[in-house]
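> Have a look at this one.
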Amino acid sequence: MSNMSLKDTLYFANDHAGVELKTALMTHALSLGYEAIDLGTNTQDSVDYPDYARIVALKLKENQNGIGILICGTGIGMSISANRHPWIRAAVCGKNLKIAKLARAHNHANVLCLGARFIETGPAKKTLETFLTTPFEGGRHENRVKKL
């Protein structure tokens, strides 16, 4: 598998805790040349994060070359919700760029989950870039990913 091309689509969604971080990351993704689609929410009124994880999961079922970006308070709820769909491999990543890299390289993650209450905008941008530019290594990891 190769790196994502700049024409690949990123599907962003979040709950009420992730509005500001999502907006900043979408702007950053656009500046890098990615297509960034906002699937909500755009209000800080309380919403149920599983609804937004499902929206992104369904978009990725239609577009298997896309990447999902899900943001909630911790990233954990979005990850649990997204991973209930068999075609999703969602990983919670924070400031540790090696985690973001290995999620893609070894686990072929197709959804990045971030916790807006635990990562600032600058480090989140670096995590996003690392996630987007790391290719799946395949090889010894291929069979393991197929078992997920």
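Identifiers in the structure tokens: chain A, B, ... in order shown; residue index from 1 per chain; ligand index from 1 in order shown.
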When you look at A:Ala109 with a cut-off of 6 Å (counting only C-alpha atoms), what residues show up, excluding the ones that are within fewer than 3 positions of it in the same chain? I need them as a PyMOL selection string.

chain A and resi 89-90+103-104

> Any chance you could export the current selection's N, CA, C and O atoms as a PDB file, in the first residue's frame?


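That gives us result-v8.pdb:
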```
ATOM      1  N   ARG A  89     -10.946   0.389  11.370  1.00  0.00           N
ATOM      2  CA  ARG A  89      -9.817   0.145  12.257  1.00  0.00           C
ATOM      3  C   ARG A  89      -9.451   1.512  12.855  1.00  0.00           C
ATOM      4  O   ARG A  89      -8.622   2.237  12.312  1.00  0.00           O
ATOM      5  N   ALA A  90     -10.119   1.843  13.951  1.00  0.00           N
ATOM      6  CA  ALA A  90      -9.950   3.151  14.588  1.00  0.00           C
ATOM      7  C   ALA A  90      -8.927   3.061  15.709  1.00  0.00           C
ATOM      8  O   ALA A  90      -8.926   2.118  16.490  1.00  0.00           O
ATOM      9  N   ALA A 103      -0.021   2.886  14.297  1.00  0.00           N
ATOM     10  CA  ALA A 103      -1.436   2.589  14.029  1.00  0.00           C
ATOM     11  C   ALA A 103      -1.656   2.410  12.531  1.00  0.00           C
ATOM     12  O   ALA A 103      -2.416   1.529  12.109  1.00  0.00           O
ATOM     13  N   ARG A 104      -0.995   3.227  11.741  1.00  0.00           N
ATOM     14  CA  ARG A 104      -1.107   3.115  10.285  1.00  0.00           C
ATOM     15  C   ARG A 104      -0.217   2.000   9.738  1.00  0.00           C
ATOM     16  O   ARG A 104      -0.658   1.176   8.950  1.00  0.00           O
TER      17      ARG A 104
END
```

> What are the closest atom pairs, with distances in Å to one decimal, for each residue of stretch 43-125 of chain A lying within 12 Å of stretch 129-139 of chain A, using only C-alpha atoms, rows by chain and rising residue number, as a Markdown table?


```
| residue | atom | partner | partner_atom | distance |
| --- | --- | --- | --- | --- |
| A:Asn65 | CA | A:Leu132 | CA | 11.8 |
| A:Gly66 | CA | A:Leu132 | CA | 10.5 |
| A:Ile67 | CA | A:Leu132 | CA | 8.2 |
| A:Gly68 | CA | A:Leu132 | CA | 10.3 |
| A:Ile69 | CA | A:Phe131 | CA | 10.1 |
| A:Ala90 | CA | A:Phe131 | CA | 11.5 |
| A:Ala91 | CA | A:Phe131 | CA | 10.1 |
| A:Val92 | CA | A:Phe131 | CA | 11.1 |
| A:Cys93 | CA | A:Phe131 | CA | 9.0 |
| A:Gly94 | CA | A:Phe131 | CA | 10.9 |
| A:Lys95 | CA | A:Thr130 | CA | 10.6 |
| A:Asn96 | CA | A:Thr130 | CA | 10.1 |
| A:Leu97 | CA | A:Thr130 | CA | 6.6 |
| A:Lys98 | CA | A:Thr130 | CA | 8.5 |
| A:Ile99 | CA | A:Phe131 | CA | 9.0 |
| A:Ala100 | CA | A:Phe131 | CA | 5.3 |
| A:Lys101 | CA | A:Phe131 | CA | 5.8 |
| A:Leu102 | CA | A:Thr134 | CA | 8.4 |
| A:Ala103 | CA | A:Phe131 | CA | 7.7 |
| A:Arg104 | CA | A:Phe136 | CA | 5.5 |
| A:Ala105 | CA | A:Phe136 | CA | 4.1 |
| A:His106 | CA | A:Phe136 | CA | 6.3 |
| A:Asn107 | CA | A:Phe136 | CA | 7.5 |
| A:His108 | CA | A:Phe136 | CA | 5.3 |
| A:Ala109 | CA | A:Phe136 | CA | 8.4 |
| A:Asn110 | CA | A:Phe131 | CA | 9.1 |
| A:Val111 | CA | A:Phe131 | CA | 9.2 |
| A:Leu112 | CA | A:Phe131 | CA | 7.4 |
| A:Cys113 | CA | A:Phe131 | CA | 10.5 |
| A:Leu114 | CA | A:Phe131 | CA | 11.6 |
| A:Gly122 | CA | A:Glu129 | CA | 11.0 |
| A:Pro123 | CA | A:Glu129 | CA | 9.9 |
| A:Ala124 | CA | A:Glu129 | CA | 8.6 |
| A:Lys125 | CA | A:Glu129 | CA | 6.2 |
```

> Please identify which residues in chain A DSSP calls helix (DSSP H, G or I) from the backbone, and express them as number ranges by chain.

A: 16-31, 49-62, 76-82, 97-105, 121-133, 140-146

> Between atom CA of A:Pro86 and atom CA of A:Leu70, what is the distance, to one decimal in Å?

16.8 Å

> Extract, using only C-alpha atoms, all DNA, RNA and protein residues at most 10 Å from A:His85, discarding same-chain residues fewer than 2 positions from it, and format them as a PyMOL selection string.

chain A and resi 53-54+57-58+61+80-83+87-90

> Save the residues we just selected, N, CA and C atoms, as a PDB file, in the first residue's frame?


```pdb
ATOM      1  N   ALA A  53     -19.784   8.789  15.037  1.00  0.00           N
ATOM      2  CA  ALA A  53     -18.868   7.709  14.656  1.00  0.00           C
ATOM      3  C   ALA A  53     -19.508   6.852  13.567  1.00  0.00           C
ATOM      4  N   ARG A  54     -20.792   6.607  13.691  1.00  0.00           N
ATOM      5  CA  ARG A  54     -21.516   5.798  12.699  1.00  0.00           C
ATOM      6  C   ARG A  54     -21.564   6.499  11.340  1.00  0.00           C
ATOM      7  N   ALA A  57     -18.226   6.012   9.792  1.00  0.00           N
ATOM      8  CA  ALA A  57     -18.057   4.604   9.414  1.00  0.00           C
ATOM      9  C   ALA A  57     -18.795   4.290   8.116  1.00  0.00           C
ATOM     10  N   LEU A  58     -19.999   4.796   7.979  1.00  0.00           N
ATOM     11  CA  LEU A  58     -20.776   4.540   6.762  1.00  0.00           C
ATOM     12  C   LEU A  58     -20.156   5.221   5.541  1.00  0.00           C
ATOM     13  N   LYS A  61     -17.384   3.031   4.435  1.00  0.00           N
ATOM     14  CA  LYS A  61     -17.852   1.823   3.753  1.00  0.00           C
ATOM     15  C   LYS A  61     -18.031   2.125   2.267  1.00  0.00           C
ATOM     16  N   ILE A  80     -14.382   3.268  20.304  1.00  0.00           N
ATOM     17  CA  ILE A  80     -15.215   2.098  20.605  1.00  0.00           C
ATOM     18  C   ILE A  80     -16.392   2.027  19.632  1.00  0.00           C
ATOM     19  N   SER A  81     -17.042   3.165  19.429  1.00  0.00           N
ATOM     20  CA  SER A  81     -18.203   3.200  18.530  1.00  0.00           C
ATOM     21  C   SER A  81     -17.822   2.858  17.099  1.00  0.00           C
ATOM     22  N   ALA A  82     -16.767   3.465  16.603  1.00  0.00           N
ATOM     23  CA  ALA A  82     -16.354   3.232  15.218  1.00  0.00           C
ATOM     24  C   ALA A  82     -15.922   1.784  15.002  1.00  0.00           C
ATOM     25  N   ASN A  83     -15.214   1.225  15.953  1.00  0.00           N
ATOM     26  CA  ASN A  83     -14.688  -0.140  15.805  1.00  0.00           C
ATOM     27  C   ASN A  83     -15.766  -1.217  15.851  1.00  0.00           C
ATOM     28  N   TRP A  87     -15.390  -2.956   8.995  1.00  0.00           N
ATOM     29  CA  TRP A  87     -14.460  -2.380   8.029  1.00  0.00           C
ATOM     30  C   TRP A  87     -13.650  -1.225   8.615  1.00  0.00           C
ATOM     31  N   ILE A  88     -13.872  -0.930   9.876  1.00  0.00           N
ATOM     32  CA  ILE A  88     -13.192   0.184  10.540  1.00  0.00           C
ATOM     33  C   ILE A  88     -12.061  -0.339  11.419  1.00  0.00           C
ATOM     34  N   ARG A  89     -10.946   0.389  11.370  1.00  0.00           N
ATOM     35  CA  ARG A  89      -9.817   0.145  12.257  1.00  0.00           C
ATOM     36  C   ARG A  89      -9.451   1.512  12.855  1.00  0.00           C
ATOM     37  N   ALA A  90     -10.119   1.843  13.951  1.00  0.00           N
ATOM     38  CA  ALA A  90      -9.950   3.151  14.588  1.00  0.00           C
ATOM     39  C   ALA A  90      -8.927   3.061  15.709  1.00  0.00           C
TER      40      ALA A  90
END
```
